[in-house]
Number of protein chains: 2
Amino acid sequence: MNLREMCLKAKSASFTLASSQSRIGDALENISKKLISGADMIISENKKDLERSKSNGMSDSMLDRLTLDMPRIEAISKAVLKVKALPDVLGKGTVFTRPNGLIIKKVSVPMGVVGIIYEARPNVTVDAAVLCLKSGNAAVLRGGSEAINTNLALCEVIQDALEEANLPRECVQVLSDTSRETAGDLMRMNGLIDVLIPRGGKGLIQSVVQNATVPVIETGAGNCSVFVDESANLNTALEIIDNAKNQRPSVCNAAENLLVHEKAAKDFLPMLKNRMDEKHTELRGCEKTLQILPDIKKATEDDFYTEYNDYILAVKVVRDVAEAVEHINVHGTRHSEAIVTESMENADYFTANVDAAAVYVNASTRFTDGEEFGFGAEIGISTQKLHARGPMGLEALTTVKYIIQGNGQVRS
Amino acid sequence: MNLREMCLKAKSASFTLASSQSRIGDALENISKKLISGADMIISENKKDLERSKSNGMSDSMLDRLTLDMPRIEAISKAVLKVKALPDVLGKGTVFTRPNGLIIKKVSVPMGVVGIIYEARPNVTVDAAVLCLKSGNAAVLRGGSEAINTNLALCEVIQDALEEANLPRECVQVLSDTSRETAGDLMRMNGLIDVLIPRGGKGLIQSVVQNATVPVIETGAGNCSVFVDESANLNTALEIIDNAKNQRPSVCNAAENLLVHEKAAKDFLPMLKNRMDEKHTELRGCEKTLQILPDIKKATEDDFYTEYNDYILAVKVVRDVAEAVEHINVHGTRHSEAIVTESMENADYFTANVDAAAVYVNASTRFTDGEEFGFGAEIGISTQKLHARGPMGLEALTTVKYIIQGNGQVRS
């Protein structure tokens, strides 16, 4: 089956899904069960991917992300039930009546067909599929080629579960052709793919943003900063930057930059240096930082644009909150930014003027996450402003429809 | 000033706008006044455009759309005050508290910089500028080259009004370079243009959808259908299709197709023919339609995909509501679709299964419009599902920001 045929079948399946809320619940239940009953098959297919990838020289951390074993499959199976239990997001709406008697109902409906392009992480296959199903959408999934056997095995399990719930198998499809050309074709399936969401590293996301003609939700990149204001409680500031930088440096909501008010720098920077040394985190500083911490490496302008995703922190001394805000708005990726301050005025200035999805006062940037926000699920973190911004729950996979009831009204 | 510099200045101006609600009100008031006091200058610049376009052979209807005279300027000036009087859409939001004590506020904020690409209609220059300003956004406007003198004159008036309200002139900018290359560059100003909205014909919109890498809201194309069900009141049906087709055929919410239930066809089609003959509207029919109306032209499959924007209507006899829905979902542009029926069951089936921004029961498709929906303003009609669908009011020019207040929380 070629890509266009797949997308046409997905579109057709999406019409069935849009009015099948109870069957979707059954399908999710079935998926959870069949992941366990099919675990041996999944693990054996996963082994093929792991062996090939190992012999191709894949790194240990990548191999780890590619691995599915029984405990991981059990965790995925449980997570499916958690998504099933989330409140429905479809059919919500408002009604208003016009002077001419038209009754206009604005109601939430599925997007239709959601495309997801992602890397060699088989857990995303199940995660994306069940979030799409729960929100009434068909899914066309294009995972990394390294995980192809695992993804096709997972897809078979999901499709069997759909069929048993009396839903079309094509509600969830995995592209068996993982070529770049076919990914490019998927990005240009206008009219069949209603939204395309890339999940992965910067290269993947930029490739989708640059090449797609279907609507895209840009996710992920996070060059986040913490600003320590003059009035900050320095102990609080230290815990926040330590957490934001070191608790999990590989993720998008980790901090990459520290900005320090010039009046707090002398006291704070030595505290920072001690803590970062304990965590083996490298500091790179601006001129003024180097005057206080002469032993650290000098930061270039490029450093302040870089999402290290590593134990490295760029440090800059700033004149005031206005300079901090300006620096962030120029260098940041509009993801998550924090101020540590005891000044309500500066907090308000910061939150009003920083242009980012999530702006924190006296808390770690690491909280930008669907679970932490209480959304129950997360399809990604949007760094664009269209449609969804910040952590995206199930609602981000819905759109609206206007249903207008008349009794013969015509326009004059 | 090159395009990148313009966009950088727009971005910078957008930060000022985001927190200047009262000055924006002043600016809108000033724009309204200065359109009148500057009318002579605007009209004289408009004459240059008209003369050049006339000698280039522009059609009368296009020349009419390009023309600004005193009554039109007065109407535009009044419309600005109407936008000023609309309720504010910024700073609205919800607050929730997490178990760890974080207080999360989700608040509506401007997009930032809105790009608009449109044709030789100078009224759009003012309309787009004031809608962007009212919603706190900077605007970068690229109008049709035929209107360039008029647009630059209007821009000067708007910029003077901004300056008088103590706002940066660069809150609203018109591209003086109307080349295709520069339009293409505007479509790829990622990071500086937060959303790009094309307003105009199919060619313009498709060019933006195909070439833009910044987020786009697709607007406009409307291949709309009316379905006359078996149980329809045929007089009601006749008034609805007459209105939907003939009241203003050039617009996107006009009907292009009529679908008739086979059991209603014999009675309805001759009624239709009489009315359409009166309106000089051409009918093109499927095989079954021709059996009842043998004198009309045969419709090709292409006809059912065509947005005529003219006094032409394609007619198809269908077996039942299910076939009507399927036909619409295959051939339509997801804009506006109507059923005429006395069956609640069929109405529900139609509204649930037709995939379109606006689905009507017993009313004309012509109501899909921001004014008619009571939104007070319209920046366009979205035919995509991302961000906004159907008529877009001021809210469509906003996004959200999460502001999170903590007291030292870190993630464990």
# chains A, B, ... in the order shown; residues from 1 in each chain; ligands from 1

$ interface_residues --of "chain A" --to "chain B" --cutoff "7 Å" --atoms "only C-alpha atoms" --output "number ranges by chain"
A: 15, 111, 194, 209-210, 213, 215, 236, 240, 243, 351, 353, 356-364, 366-367, 385-387, 389, 399-411

$ atom_distance --atom1 "CA of Gln173 in chain A" --atom2 "CA of Gly376 in chain A"
24.4 Å

$ closest_residue --among "A:Asn149, A:Ile197, A:Leu283, A:Asp40" --to "Tyr118 in chain A" --atoms "only C-alpha atoms"
A:Ile197

$ residues_around --residues "Glu256 in chain A" --least-positions-apart "2" --cutoff "12 Å" --atoms "only C-alpha atoms" --output "JSON, numbers by chain"
{"A": [221, 222, 223, 224, 225, 226, 227, 241, 242, 243, 244, 245, 246, 248, 249, 250, 251, 252, 253, 254, 258, 259, 281, 282, 283, 284, 303, 304, 305, 306, 307, 308, 309, 310, 311, 312, 313, 314, 315, 316, 328, 331, 332, 333, 335, 336, 337, 338, 365, 366]}

$ write_last_selection --atoms "C-alpha atoms" --output "PDB file, in the first residue's frame"
ATOM      1  CA  ALA A 221      13.401  22.959  21.356  1.00  0.00           C
ATOM      2  CA  GLY A 222      14.118  24.571  24.702  1.00  0.00           C
ATOM      3  CA  ASN A 223      16.896  27.080  25.308  1.00  0.00           C
ATOM      4  CA  CYS A 224      15.614  27.995  28.778  1.00  0.00           C
ATOM      5  CA  SER A 225      16.976  30.577  31.231  1.00  0.00           C
ATOM      6  CA  VAL A 226      16.801  31.272  34.952  1.00  0.00           C
ATOM      7  CA  PHE A 227      17.242  34.892  36.054  1.00  0.00           C
ATOM      8  CA  ILE A 241      19.062  26.597  39.046  1.00  0.00           C
ATOM      9  CA  ASP A 242      20.545  23.305  40.310  1.00  0.00           C
ATOM     10  CA  ASN A 243      17.243  21.543  39.641  1.00  0.00           C
ATOM     11  CA  ALA A 244      16.609  23.287  36.335  1.00  0.00           C
ATOM     12  CA  LYS A 245      20.098  22.467  35.064  1.00  0.00           C
ATOM     13  CA  ASN A 246      21.054  19.159  36.631  1.00  0.00           C
ATOM     14  CA  ARG A 248      17.649  15.894  33.870  1.00  0.00           C
ATOM     15  CA  PRO A 249      19.833  17.913  31.498  1.00  0.00           C
ATOM     16  CA  SER A 250      18.778  16.009  28.348  1.00  0.00           C
ATOM     17  CA  VAL A 251      15.228  17.332  28.260  1.00  0.00           C
ATOM     18  CA  CYS A 252      13.791  20.432  26.659  1.00  0.00           C
ATOM     19  CA  ASN A 253      12.653  22.138  29.877  1.00  0.00           C
ATOM     20  CA  ALA A 254      16.129  21.981  31.453  1.00  0.00           C
ATOM     21  CA  LEU A 258      21.726  31.588  34.076  1.00  0.00           C
ATOM     22  CA  LEU A 259      21.314  35.353  34.205  1.00  0.00           C
ATOM     23  CA  THR A 281      28.574  20.835  35.569  1.00  0.00           C
ATOM     24  CA  GLU A 282      30.708  23.104  33.441  1.00  0.00           C
ATOM     25  CA  LEU A 283      30.175  26.863  33.684  1.00  0.00           C
ATOM     26  CA  ARG A 284      30.834  29.248  30.808  1.00  0.00           C
ATOM     27  CA  ASP A 303      26.803  29.726  23.924  1.00  0.00           C
ATOM     28  CA  PHE A 304      23.784  31.805  24.817  1.00  0.00           C
ATOM     29  CA  TYR A 305      21.946  30.447  21.773  1.00  0.00           C
ATOM     30  CA  THR A 306      22.839  26.815  22.480  1.00  0.00           C
ATOM     31  CA  GLU A 307      20.580  24.124  23.890  1.00  0.00           C
ATOM     32  CA  TYR A 308      23.353  21.978  25.395  1.00  0.00           C
ATOM     33  CA  ASN A 309      21.128  19.207  26.741  1.00  0.00           C
ATOM     34  CA  ASP A 310      24.187  18.449  28.844  1.00  0.00           C
ATOM     35  CA  TYR A 311      25.969  19.365  32.091  1.00  0.00           C
ATOM     36  CA  ILE A 312      26.971  22.806  30.804  1.00  0.00           C
ATOM     37  CA  LEU A 313      25.554  26.173  31.892  1.00  0.00           C
ATOM     38  CA  ALA A 314      26.145  29.580  30.277  1.00  0.00           C
ATOM     39  CA  VAL A 315      26.233  32.438  32.800  1.00  0.00           C
ATOM     40  CA  LYS A 316      25.717  36.156  32.200  1.00  0.00           C
ATOM     41  CA  ILE A 328      15.806  36.034  26.899  1.00  0.00           C
ATOM     42  CA  HIS A 331      18.250  34.230  22.635  1.00  0.00           C
ATOM     43  CA  GLY A 332      15.455  31.989  23.916  1.00  0.00           C
ATOM     44  CA  THR A 333      13.259  29.526  22.071  1.00  0.00           C
ATOM     45  CA  HIS A 335       9.775  27.550  25.849  1.00  0.00           C
ATOM     46  CA  SER A 336      10.266  28.057  29.629  1.00  0.00           C
ATOM     47  CA  GLU A 337      11.896  30.930  31.520  1.00  0.00           C
ATOM     48  CA  ALA A 338      12.164  31.633  35.244  1.00  0.00           C
ATOM     49  CA  THR A 365      11.652  25.427  34.563  1.00  0.00           C
ATOM     50  CA  ARG A 366      11.470  21.618  34.776  1.00  0.00           C
TER      51      ARG A 366
END

$ closest_residue --among "B:Leu141, B:Leu394, B:Ala10, B:Met70" --to "Ile379 in chain B" --atoms "only C-alpha atoms"
B:Leu394

$ closest_residue --among "A:Leu234, A:Leu204, A:Asn166, A:Asp49" --to "Ser145 in chain A" --atoms "only C-alpha atoms"
A:Asp49

$ select_by_dssp --residues "range 23-159 of chain B" --states "strand (DSSP E)" --output "PyMOL selection string"
chain B and resi 93-97+103-110+113-118+138-142

$ closest_residue --among "B:Leu272, B:Ala183, B:Val80, B:Val107" --to "Leu131 in chain B" --atoms "only C-alpha atoms"
B:Val80

$ select_by_dssp --residues "range 144-317 of chain A" --states "alpha helix (DSSP H)" --output "ChimeraX atom specification"
/A:148-164,180-187,202-211,234-246,262-278,287-292

$ residues_around --residues "Lys47 in chain A" --least-positions-apart "2" --cutoff "10 Å" --atoms "only C-alpha atoms" --output "number ranges by chain"
A: 41-45, 49-53, 66-69, 147, 149-150

$ residues_around --residues "Ile205 in chain A" --least-positions-apart "5" --cutoff "8 Å" --atoms "only C-alpha atoms" --output "ChimeraX atom specification"
/A:198-200,218-220

$ residues_around --residues "Asp177 in chain A" --least-positions-apart "2" --cutoff "9 Å" --atoms "only C-alpha atoms" --output "VMD selection string"
chain A and resid 2 to 3 142 145 148 174 to 175 179 to 180 182 to 183

$ write_last_selection --atoms "N, CA, C and O atoms" --output "CSV table (one decimal), in the first residue's frame"
chain,number,residue,atom,x,y,z
A,2,ASN,N,0.7,2.2,-0.9
A,2,ASN,CA,1.5,3.4,-0.9
A,2,ASN,C,1.0,4.4,0.1
A,2,ASN,O,-0.1,4.2,0.7
A,3,LEU,N,1.7,5.5,0.3
A,3,LEU,CA,1.4,6.4,1.3
A,3,LEU,C,0.1,7.1,1.1
A,3,LEU,O,-0.7,7.2,2.0
A,142,ARG,N,5.1,7.6,11.7
A,142,ARG,CA,6.4,7.4,11.0
A,142,ARG,C,7.5,7.5,12.0
A,142,ARG,O,7.9,8.5,12.4
A,145,SER,N,13.8,4.5,11.5
A,145,SER,CA,14.0,3.2,10.8
A,145,SER,C,14.6,2.2,11.7
A,145,SER,O,14.3,1.0,11.5
A,148,ILE,N,12.0,-0.2,13.2
A,148,ILE,CA,10.9,-0.5,12.3
A,148,ILE,C,10.2,-1.9,12.6
A,148,ILE,O,9.0,-2.0,12.6
A,174,VAL,N,1.3,2.3,10.8
A,174,VAL,CA,2.7,2.7,10.9
A,174,VAL,C,3.3,2.6,9.5
A,174,VAL,O,3.1,1.6,8.7
A,175,LEU,N,4.1,3.6,9.0
A,175,LEU,CA,4.7,3.5,7.7
A,175,LEU,C,5.8,2.5,7.7
A,175,LEU,O,6.8,2.6,8.5
A,179,SER,N,11.8,5.7,4.5
A,179,SER,CA,12.8,6.5,3.7
A,179,SER,C,12.5,8.0,3.9
A,179,SER,O,11.4,8.4,4.3
A,180,ARG,N,13.5,8.8,3.6
A,180,ARG,CA,13.3,10.2,3.7
A,180,ARG,C,12.3,10.8,2.7
A,180,ARG,O,11.5,11.7,3.0
A,182,THR,N,9.6,9.3,1.6
A,182,THR,CA,8.3,9.0,2.0
A,182,THR,C,7.9,9.9,3.2
A,182,THR,O,6.8,10.4,3.3
A,183,ALA,N,8.8,10.2,4.1
A,183,ALA,CA,8.6,11.2,5.1
A,183,ALA,C,8.2,12.5,4.5
A,183,ALA,O,7.3,13.2,5.0

$ residues_around --residues "Thr289 in chain A" --least-positions-apart "3" --cutoff "8 Å" --atoms "only C-alpha atoms" --output "list in words"
Ala265, Leu269, Gly285, Cys286, Ile292, Leu293, Pro294, Val315, Lys316 and Val317 of chain A
